[in-house]
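J.: Questions regarding the structure given below will be posed in turn.
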Amino acid sequence: MLNKEYIVHILQDKDALYLASAGYWLQQARQAIQARGVFHVALTGGSTPQALYRLLAGPDYAAQLDWPNIHVYIGDERYVPHGHPDSNFGMAKACLLDHVAIPAANLHPIPTDDDNAGQSAARYADELRKLLPDGDKQFPQFDLIMLGMGDDGHTASLFPDTEILHERDKSVAAVYVDKLASWRISLTYPSLNQARQIMLMVSGDGKADILAQVLTAGSERLYPVQQVHNAGEMHWFIDQAAASRLA
Ligand code: 6PG
């Protein structure tokens with residue numbers, strides 16, 4: 001049985017997964033702009049969302065989105081220049097942001113050009129404080145945070161056995177990830193948990209085992225992604241391959 005905290009959408013295949021995800025994204029953008037005049041969305045990195053970003057940049061969606069009232073952030077970033085092939089902002093630009101009529105002033109990448117990642121994380125936290133409304137615990141409140149899940153159960157840059165998992169005061173923090181031998185900057189649990197909506201996209205049978213553990217009701221909360229409990233709805237968009245181990 002699935003954990004009732006989650007709203008799980010199981011789609012036939014990757015194409016259906018991206019169409020459903022795009023429809024939800026469009027709906028969230030419209031609802032936020034209709035209600036508050038603006039849509040604050042944090043994009044996720046990784047490979048899974050790239051086809052969604054390309055879809056949103058395409059003729060079936062881009063013209064339906066009110067880009068001047070959409071503000072785009074990045075939920076986590078590798079501590080590399082934005083032009084580096086590993087940059088999540090660089091990927092989002094290539095797949096979406098360079099192809100739609102979003103004003104440059106509406107793009108809010110995580111800075112990666114300070115003396116160290118901690119300074120950049122603090123800068124981003126200040127920027128979020130200025131740009132975003134506060135949730136009820138004085139942390140920035142996004143309308144939508146997009147997330148992925150690694151095969152170790154990490155989400156954003158909240159990796160197993162890292163200090164950032166214990167961060168409860170900062171909205172954004174830097175973390176050195178031993179297994180990647182690299183610095184990351186990420187929204188922390190307090191920020192993720194303030195989100196009005198969260199959407200996770202998981203695709204492929206490589207994640208089927210861990211996804212079944214994560215989504216099953218009553219399972220021990222072993223993985224970082226299971227510590228996300230946002231105030232609003234948490235939607236999982238998964239394809240049949242990723243869902244193949246769900247009872
Ligand atoms: C990143 C992401 C990360 C990603 C997962 C899943 O910076 O890589 O934010 O959390 O969502 O690692 O990545 P894939 O979509 O490539 O499987």
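Labeling convention for the structure tokens: chains A, B, ... as they appear, residues from 1 per chain, ligands from 1 in order of appearance.
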For chain A versus ligand 1, which residues have an atom no more than 9 Å away, and what is each residue's nearest atom pair and distance in Å rounded to one decimal, using only C-alpha atoms and all ligand atoms, chain-then-number order, as CSV?
T.:
```
residue,atom,partner,partner_atom_place_in_ligand_line,distance
A:Leu43,CA,ligand 1,9 (O),8.4
A:Thr44,CA,ligand 1,9 (O),4.9
A:Gly45,CA,ligand 1,9 (O),4.0
A:Gly46,CA,ligand 1,16 (O),3.6
A:Ser47,CA,ligand 1,16 (O),3.7
A:Thr48,CA,ligand 1,15 (O),3.6
A:Pro49,CA,ligand 1,15 (O),6.3
A:Gln50,CA,ligand 1,15 (O),8.3
A:Ile74,CA,ligand 1,9 (O),8.7
A:Gly75,CA,ligand 1,9 (O),6.9
A:Asp76,CA,ligand 1,9 (O),5.5
A:Glu77,CA,ligand 1,7 (O),5.7
A:Arg78,CA,ligand 1,7 (O),6.4
A:Asp86,CA,ligand 1,7 (O),8.5
A:Ser87,CA,ligand 1,7 (O),8.1
A:Asn88,CA,ligand 1,7 (O),6.2
A:Met146,CA,ligand 1,11 (O),8.5
A:Leu147,CA,ligand 1,11 (O),5.5
A:Gly148,CA,ligand 1,11 (O),3.3
A:Met149,CA,ligand 1,6 (C),4.5
A:Gly150,CA,ligand 1,12 (O),4.2
A:Asp151,CA,ligand 1,17 (O),7.4
A:Asp152,CA,ligand 1,12 (O),8.7
A:Gly153,CA,ligand 1,5 (C),8.6
A:His154,CA,ligand 1,10 (O),6.2
A:Thr155,CA,ligand 1,10 (O),4.2
A:Ala156,CA,ligand 1,10 (O),3.6
A:Ser157,CA,ligand 1,10 (O),5.3
A:Leu158,CA,ligand 1,10 (O),7.4
A:Phe159,CA,ligand 1,10 (O),8.4
A:Arg184,CA,ligand 1,7 (O),8.1
A:Ser186,CA,ligand 1,9 (O),8.4
A:Leu200,CA,ligand 1,11 (O),8.4
A:Met201,CA,ligand 1,15 (O),7.6
A:Val202,CA,ligand 1,15 (O),7.0
A:Ser203,CA,ligand 1,17 (O),7.6
A:Gly204,CA,ligand 1,17 (O),8.8
A:Lys207,CA,ligand 1,17 (O),8.5
```
J.: For Asn106 of chain A, find every residue with an atom within 9 Å (counting only C-alpha atoms), except residues of its own chain fewer than 5 positions away, and show them as a PyMOL selection string.
T.: chain A and resi 67-73
J.: Using DSSP on the backbone, list every residue of segment 5-246 of chain A that comes out as helix (DSSP H, G or I), and give them as a PyMOL selection string.
T.: chain A and resi 14-36+50-57+62-64+67-69+88-95+97-99+104-106+117-131+163-166+178-180+189-192+205-215+224-227
J.: Leaving out Gln31 of chain A and any residue of its chain fewer than 2 positions from it, which residues lie within 12 Å of it when counting only C-alpha atoms, given as number ranges by chain?
T.: A: 24-29, 33-40, 65-66, 69-70, 143-144, 196-197
J.: Can you tell me how far atom CA of Asp98 of chain A sits from atom CA of His9 of chain A, in Å to one decimal?
T.: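 Taking atom CA of Asp98 of chain A as the start and atom CA of His9 of chain A as the end point, the length is 29.4 Å.
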J.: Can you tell me which residues surround Pro140 of chain A at a distance of at most 12 Å, considering only C-alpha atoms, apart from same-chain residues fewer than 3 positions away, and format the answer as a compact mmCIF listing (two decimals) with N, CA, C and O atoms, in the first residue's frame?
T.:
```
# COMPACT_ATOMS: atom_id res chain seq x y z
N HIS A 40 6.55 31.26 -8.45
CA HIS A 40 7.94 31.07 -8.03
C HIS A 40 8.22 29.56 -8.05
O HIS A 40 7.64 28.80 -7.27
N VAL A 41 9.08 29.14 -8.97
CA VAL A 41 9.34 27.71 -9.14
C VAL A 41 10.83 27.41 -9.06
O VAL A 41 11.65 28.12 -9.65
N ALA A 42 11.19 26.37 -8.30
CA ALA A 42 12.59 25.93 -8.21
C ALA A 42 12.75 24.69 -9.09
O ALA A 42 12.05 23.69 -8.89
N TYR A 73 14.05 29.58 -10.13
CA TYR A 73 15.16 29.38 -9.21
C TYR A 73 15.72 27.98 -9.48
O TYR A 73 15.14 27.20 -10.25
N TYR A 124 22.64 33.22 -1.69
CA TYR A 124 21.38 32.76 -2.27
C TYR A 124 20.26 32.84 -1.23
O TYR A 124 19.13 33.21 -1.55
N ALA A 125 20.59 32.49 0.00
CA ALA A 125 19.58 32.57 1.07
C ALA A 125 19.08 34.01 1.21
O ALA A 125 17.89 34.26 1.35
N ASP A 126 20.00 34.97 1.12
CA ASP A 126 19.60 36.38 1.18
C ASP A 126 18.70 36.75 0.01
O ASP A 126 17.69 37.44 0.16
N GLU A 127 19.06 36.24 -1.18
CA GLU A 127 18.26 36.55 -2.37
C GLU A 127 16.85 35.97 -2.22
O GLU A 127 15.85 36.62 -2.51
N LEU A 128 16.77 34.75 -1.73
CA LEU A 128 15.44 34.13 -1.57
C LEU A 128 14.61 34.92 -0.57
O LEU A 128 13.41 35.12 -0.75
N ARG A 129 15.26 35.40 0.49
CA ARG A 129 14.53 36.16 1.52
C ARG A 129 13.92 37.42 0.92
O ARG A 129 12.80 37.82 1.26
N LYS A 130 14.66 38.02 -0.03
CA LYS A 130 14.16 39.26 -0.65
C LYS A 130 13.06 38.97 -1.69
O LYS A 130 12.12 39.74 -1.85
N LEU A 131 13.16 37.86 -2.36
CA LEU A 131 12.28 37.62 -3.52
C LEU A 131 11.03 36.82 -3.19
O LEU A 131 10.00 36.98 -3.85
N LEU A 132 11.12 35.98 -2.17
CA LEU A 132 10.01 35.04 -1.94
C LEU A 132 9.23 35.41 -0.69
O LEU A 132 9.80 35.94 0.27
N PRO A 133 7.95 35.13 -0.70
CA PRO A 133 7.18 35.32 0.53
C PRO A 133 7.65 34.31 1.57
O PRO A 133 8.20 33.26 1.23
N ASP A 134 7.46 34.65 2.84
CA ASP A 134 7.83 33.71 3.90
C ASP A 134 6.71 32.70 4.10
O ASP A 134 5.53 33.06 4.08
N GLY A 135 7.11 31.47 4.34
CA GLY A 135 6.12 30.48 4.78
C GLY A 135 5.88 30.73 6.26
O GLY A 135 6.38 31.70 6.83
N ASP A 136 5.15 29.84 6.90
CA ASP A 136 4.77 30.16 8.29
C ASP A 136 5.95 30.02 9.26
O ASP A 136 5.88 30.38 10.41
N LYS A 137 7.07 29.49 8.80
CA LYS A 137 8.20 29.39 9.75
C LYS A 137 9.35 30.27 9.29
O LYS A 137 10.51 29.95 9.45
N ASP A 143 6.15 28.38 -4.81
CA ASP A 143 4.87 27.80 -5.23
C ASP A 143 5.07 26.34 -5.62
O ASP A 143 4.24 25.49 -5.33
N LEU A 144 6.20 26.08 -6.28
CA LEU A 144 6.48 24.70 -6.70
C LEU A 144 7.99 24.45 -6.59
O LEU A 144 8.79 25.27 -7.05
N ILE A 145 8.34 23.35 -5.96
CA ILE A 145 9.72 22.88 -5.98
C ILE A 145 9.73 21.55 -6.73
O ILE A 145 8.98 20.63 -6.39
N LYS A 170 19.25 27.25 8.35
CA LYS A 170 19.48 27.93 7.07
C LYS A 170 18.51 27.41 6.01
O LYS A 170 18.19 26.22 5.99
N SER A 171 18.11 28.30 5.10
CA SER A 171 17.20 27.88 4.01
C SER A 171 17.99 27.25 2.87
O SER A 171 17.47 26.46 2.09
N VAL A 172 19.27 27.63 2.78
CA VAL A 172 20.17 27.13 1.73
C VAL A 172 21.51 26.83 2.39
O VAL A 172 21.95 27.60 3.27
N LEU A 187 18.84 23.74 -1.42
CA LEU A 187 17.77 24.06 -0.47
C LEU A 187 17.82 22.99 0.62
O LEU A 187 18.13 21.84 0.36
N THR A 188 17.49 23.42 1.84
CA THR A 188 17.49 22.50 2.98
C THR A 188 16.07 22.02 3.26
O THR A 188 15.11 22.56 2.69
N TYR A 189 15.92 21.09 4.17
CA TYR A 189 14.58 20.58 4.50
C TYR A 189 13.63 21.71 4.92
O TYR A 189 12.48 21.75 4.46
N PRO A 190 14.06 22.67 5.76
CA PRO A 190 13.11 23.74 6.12
C PRO A 190 12.55 24.45 4.89
O PRO A 190 11.37 24.80 4.85
N SER A 191 13.36 24.66 3.86
CA SER A 191 12.86 25.31 2.64
C SER A 191 11.95 24.37 1.87
O SER A 191 10.85 24.74 1.45
N LEU A 192 12.40 23.14 1.68
CA LEU A 192 11.59 22.18 0.90
C LEU A 192 10.22 22.02 1.55
O LEU A 192 9.18 21.99 0.90
N ASN A 193 10.24 21.98 2.89
CA ASN A 193 8.98 21.68 3.59
C ASN A 193 8.01 22.85 3.64
O ASN A 193 6.87 22.70 4.07
N GLN A 194 8.47 24.03 3.21
CA GLN A 194 7.57 25.19 3.14
C GLN A 194 6.83 25.25 1.80
O GLN A 194 5.90 26.04 1.65
N ALA A 195 7.25 24.45 0.85
CA ALA A 195 6.71 24.58 -0.52
C ALA A 195 5.20 24.34 -0.56
O ALA A 195 4.69 23.43 0.12
N ARG A 196 4.52 25.16 -1.36
CA ARG A 196 3.07 24.92 -1.53
C ARG A 196 2.85 23.59 -2.23
O ARG A 196 1.92 22.84 -1.90
```
J.: Could you tell me which of A:Lys93, A:His229, A:Lys179, A:Arg245 comes closest to Gln213 of chain A if we count only C-alpha atoms?
T.: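 The answer is A:Arg245, which sits nearest to Gln213 of chain A.
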J.: Expressed in Å to a single decimal, how great is the separation between atom CA of Val214 of chain A and atom CA of Gln227 of chain A?
T.: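 Separation between atom CA of Val214 of chain A and atom CA of Gln227 of chain A: 10.2 Å.
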J.: Find the residues around Met199 of chain A up to 6 Å (only C-alpha atoms counted), leave out those fewer than 2 positions away in its own chain, and share them as a PyMOL selection string.
T.: chain A and resi 146+234-236
J.: By how many Å are atom CA of Tyr18 of chain A and atom CA of Leu52 of chain A apart?
T.: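 Between atom CA of Tyr18 of chain A and atom CA of Leu52 of chain A the gap works out to 5.4 Å.
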J.: Could you name the residues that touch Ala174 of chain A at 7 Å or less, counting only C-alpha atoms, but leaving out those on the same chain fewer than 5 positions away, as a JSON list (two decimals) with N, CA, C and O atoms, in the first residue's frame?
T.:
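What landed in result.json:
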```json
[["chain", "number", "residue", "atom", "x", "y", "z"],
["A", 117, "ALA", "N", 31.79, 27.72, -1.35],
["A", 117, "ALA", "CA", 30.38, 27.39, -1.55],
["A", 117, "ALA", "C", 29.52, 27.94, -0.40],
["A", 117, "ALA", "O", 28.36, 28.33, -0.62],
["A", 118, "GLY", "N", 30.10, 28.02, 0.78],
["A", 118, "GLY", "CA", 29.33, 28.53, 1.92],
["A", 118, "GLY", "C", 28.91, 29.98, 1.71],
["A", 118, "GLY", "O", 27.78, 30.36, 2.01],
["A", 121, "ALA", "N", 26.13, 30.07, -0.82],
["A", 121, "ALA", "CA", 24.86, 29.59, -0.23],
["A", 121, "ALA", "C", 24.22, 30.70, 0.59],
["A", 121, "ALA", "O", 23.00, 30.93, 0.50],
["A", 183, "TRP", "N", 31.66, 19.93, -4.14],
["A", 183, "TRP", "CA", 30.79, 20.78, -3.34],
["A", 183, "TRP", "C", 29.46, 20.98, -4.06],
["A", 183, "TRP", "O", 29.40, 21.08, -5.28],
["A", 184, "ARG", "N", 28.40, 21.01, -3.28],
["A", 184, "ARG", "CA", 27.08, 21.30, -3.79],
["A", 184, "ARG", "C", 26.47, 22.41, -2.94],
["A", 184, "ARG", "O", 26.89, 22.62, -1.79],
["A", 185, "ILE", "N", 25.46, 23.09, -3.52],
["A", 185, "ILE", "CA", 24.64, 24.03, -2.74],
["A", 185, "ILE", "C", 23.19, 23.56, -2.92],
["A", 185, "ILE", "O", 22.81, 23.19, -4.03],
["A", 186, "SER", "N", 22.43, 23.57, -1.84],
["A", 186, "SER", "CA", 21.08, 23.01, -1.92],
["A", 186, "SER", "C", 20.10, 23.71, -0.99],
["A", 186, "SER", "O", 20.50, 24.19, 0.09]]
```
J.: Could you name the residues that touch Pro81 of chain A at 12 Å or less, counting only C-alpha atoms, but leaving out those on the same chain fewer than 2 positions away, as an mmCIF file with C-alpha atoms, in the first residue's frame?
T.:
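The file below, out27.cif, is the result:
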```cif
data_model
loop_
_atom_site.group_PDB
_atom_site.id
_atom_site.type_symbol
_atom_site.label_atom_id
_atom_site.label_comp_id
_atom_site.auth_asym_id
_atom_site.auth_seq_id
_atom_site.Cartn_x
_atom_site.Cartn_y
_atom_site.Cartn_z
ATOM 1 C CA GLU A 77 23.594 23.306 -7.809
ATOM 2 C CA ARG A 78 26.981 21.825 -8.384
ATOM 3 C CA TYR A 79 29.679 24.295 -7.325
ATOM 4 C CA GLY A 83 28.889 27.422 -18.233
ATOM 5 C CA HIS A 84 30.319 24.131 -16.939
ATOM 6 C CA PRO A 85 28.713 20.937 -18.367
ATOM 7 C CA ASP A 86 27.755 19.872 -14.799
ATOM 8 C CA SER A 87 25.847 23.086 -14.017
ATOM 9 C CA ASN A 88 22.146 22.574 -13.316
ATOM 10 C CA PHE A 89 21.428 26.192 -14.279
ATOM 11 C CA GLY A 90 23.426 25.682 -17.473
ATOM 12 C CA MET A 91 21.334 22.604 -18.248
ATOM 13 C CA PRO A 109 20.494 30.892 -10.420
ATOM 14 C CA ILE A 110 22.487 29.808 -7.399
ATOM 15 C CA PRO A 111 25.730 31.832 -7.493
ATOM 16 C CA THR A 112 28.882 29.743 -7.797
ATOM 17 C CA ASP A 113 31.511 32.470 -8.038
ATOM 18 C CA ASP A 114 32.387 33.290 -4.431
ATOM 19 C CA ALA A 117 30.377 27.390 -1.546
ATOM 20 C CA SER A 120 27.467 31.479 -2.249
#
```
J.: Which of segment 158-232 of chain A end up as strand (DSSP E or B) when DSSP is run on this backbone - answer as a list in words?
T.: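 So the strand (DSSP E or B) residues in segment 158-232 of chain A would be Leu158, Val172, Ala173, Ala174, Val175, Tyr176, Val177, Ser182, Trp183, Arg184, Ile185, Ser186, Leu187, Gln197, Ile198, Met199, Leu200, Met201, Val202 and Thr216 of chain A.
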J.: Restricting the output to N, CA and C atoms, write the selected residues as a PDB file, in the first residue's frame.
T.:
```pdb
ATOM      1  N   LEU A 158      20.654  16.705  -0.998  1.00  0.00           N
ATOM      2  CA  LEU A 158      20.552  16.139   0.353  1.00  0.00           C
ATOM      3  C   LEU A 158      20.915  14.656   0.250  1.00  0.00           C
ATOM      4  N   VAL A 172      19.274  27.628   2.784  1.00  0.00           N
ATOM      5  CA  VAL A 172      20.174  27.131   1.735  1.00  0.00           C
ATOM      6  C   VAL A 172      21.514  26.835   2.394  1.00  0.00           C
ATOM      7  N   ALA A 173      22.141  25.737   2.017  1.00  0.00           N
ATOM      8  CA  ALA A 173      23.435  25.411   2.630  1.00  0.00           C
ATOM      9  C   ALA A 173      24.369  24.761   1.618  1.00  0.00           C
ATOM     10  N   ALA A 174      25.657  24.837   1.932  1.00  0.00           N
ATOM     11  CA  ALA A 174      26.676  24.161   1.110  1.00  0.00           C
ATOM     12  C   ALA A 174      26.972  22.818   1.748  1.00  0.00           C
ATOM     13  N   VAL A 175      27.327  21.856   0.907  1.00  0.00           N
ATOM     14  CA  VAL A 175      27.635  20.515   1.428  1.00  0.00           C
ATOM     15  C   VAL A 175      28.721  19.891   0.562  1.00  0.00           C
ATOM     16  N   TYR A 176      29.723  19.317   1.214  1.00  0.00           N
ATOM     17  CA  TYR A 176      30.740  18.573   0.451  1.00  0.00           C
ATOM     18  C   TYR A 176      30.285  17.122   0.378  1.00  0.00           C
ATOM     19  N   VAL A 177      30.165  16.599  -0.855  1.00  0.00           N
ATOM     20  CA  VAL A 177      29.656  15.228  -1.031  1.00  0.00           C
ATOM     21  C   VAL A 177      30.856  14.318  -1.318  1.00  0.00           C
ATOM     22  N   SER A 182      32.878  16.533  -4.500  1.00  0.00           N
ATOM     23  CA  SER A 182      32.549  17.881  -4.994  1.00  0.00           C
ATOM     24  C   SER A 182      31.619  18.613  -4.029  1.00  0.00           C
ATOM     25  N   TRP A 183      31.659  19.929  -4.139  1.00  0.00           N
ATOM     26  CA  TRP A 183      30.790  20.780  -3.340  1.00  0.00           C
ATOM     27  C   TRP A 183      29.459  20.976  -4.063  1.00  0.00           C
ATOM     28  N   ARG A 184      28.404  21.013  -3.278  1.00  0.00           N
ATOM     29  CA  ARG A 184      27.076  21.300  -3.786  1.00  0.00           C
ATOM     30  C   ARG A 184      26.472  22.409  -2.938  1.00  0.00           C
ATOM     31  N   ILE A 185      25.459  23.093  -3.521  1.00  0.00           N
ATOM     32  CA  ILE A 185      24.636  24.026  -2.739  1.00  0.00           C
ATOM     33  C   ILE A 185      23.194  23.561  -2.916  1.00  0.00           C
ATOM     34  N   SER A 186      22.432  23.568  -1.840  1.00  0.00           N
ATOM     35  CA  SER A 186      21.075  23.011  -1.922  1.00  0.00           C
ATOM     36  C   SER A 186      20.104  23.714  -0.988  1.00  0.00           C
ATOM     37  N   LEU A 187      18.839  23.736  -1.416  1.00  0.00           N
ATOM     38  CA  LEU A 187      17.773  24.058  -0.469  1.00  0.00           C
ATOM     39  C   LEU A 187      17.819  22.993   0.620  1.00  0.00           C
ATOM     40  N   GLN A 197       3.698  23.303  -3.211  1.00  0.00           N
ATOM     41  CA  GLN A 197       3.604  22.043  -3.955  1.00  0.00           C
ATOM     42  C   GLN A 197       5.016  21.527  -4.227  1.00  0.00           C
ATOM     43  N   ILE A 198       5.155  20.219  -4.224  1.00  0.00           N
ATOM     44  CA  ILE A 198       6.404  19.580  -4.631  1.00  0.00           C
ATOM     45  C   ILE A 198       6.070  18.556  -5.705  1.00  0.00           C
ATOM     46  N   MET A 199       6.867  18.537  -6.777  1.00  0.00           N
ATOM     47  CA  MET A 199       6.707  17.459  -7.756  1.00  0.00           C
ATOM     48  C   MET A 199       8.030  16.743  -7.901  1.00  0.00           C
ATOM     49  N   LEU A 200       7.966  15.404  -7.807  1.00  0.00           N
ATOM     50  CA  LEU A 200       9.146  14.570  -8.013  1.00  0.00           C
ATOM     51  C   LEU A 200       8.932  13.768  -9.284  1.00  0.00           C
ATOM     52  N   MET A 201       9.981  13.621 -10.065  1.00  0.00           N
ATOM     53  CA  MET A 201       9.910  12.808 -11.280  1.00  0.00           C
ATOM     54  C   MET A 201      10.938  11.696 -11.147  1.00  0.00           C
ATOM     55  N   VAL A 202      10.456  10.436 -11.311  1.00  0.00           N
ATOM     56  CA  VAL A 202      11.370   9.287 -11.220  1.00  0.00           C
ATOM     57  C   VAL A 202      11.073   8.349 -12.384  1.00  0.00           C
ATOM     58  N   THR A 216       6.263   2.999  -0.087  1.00  0.00           N
ATOM     59  CA  THR A 216       5.388   2.071   0.624  1.00  0.00           C
ATOM     60  C   THR A 216       5.068   2.569   2.030  1.00  0.00           C
TER      61      THR A 216
END
```
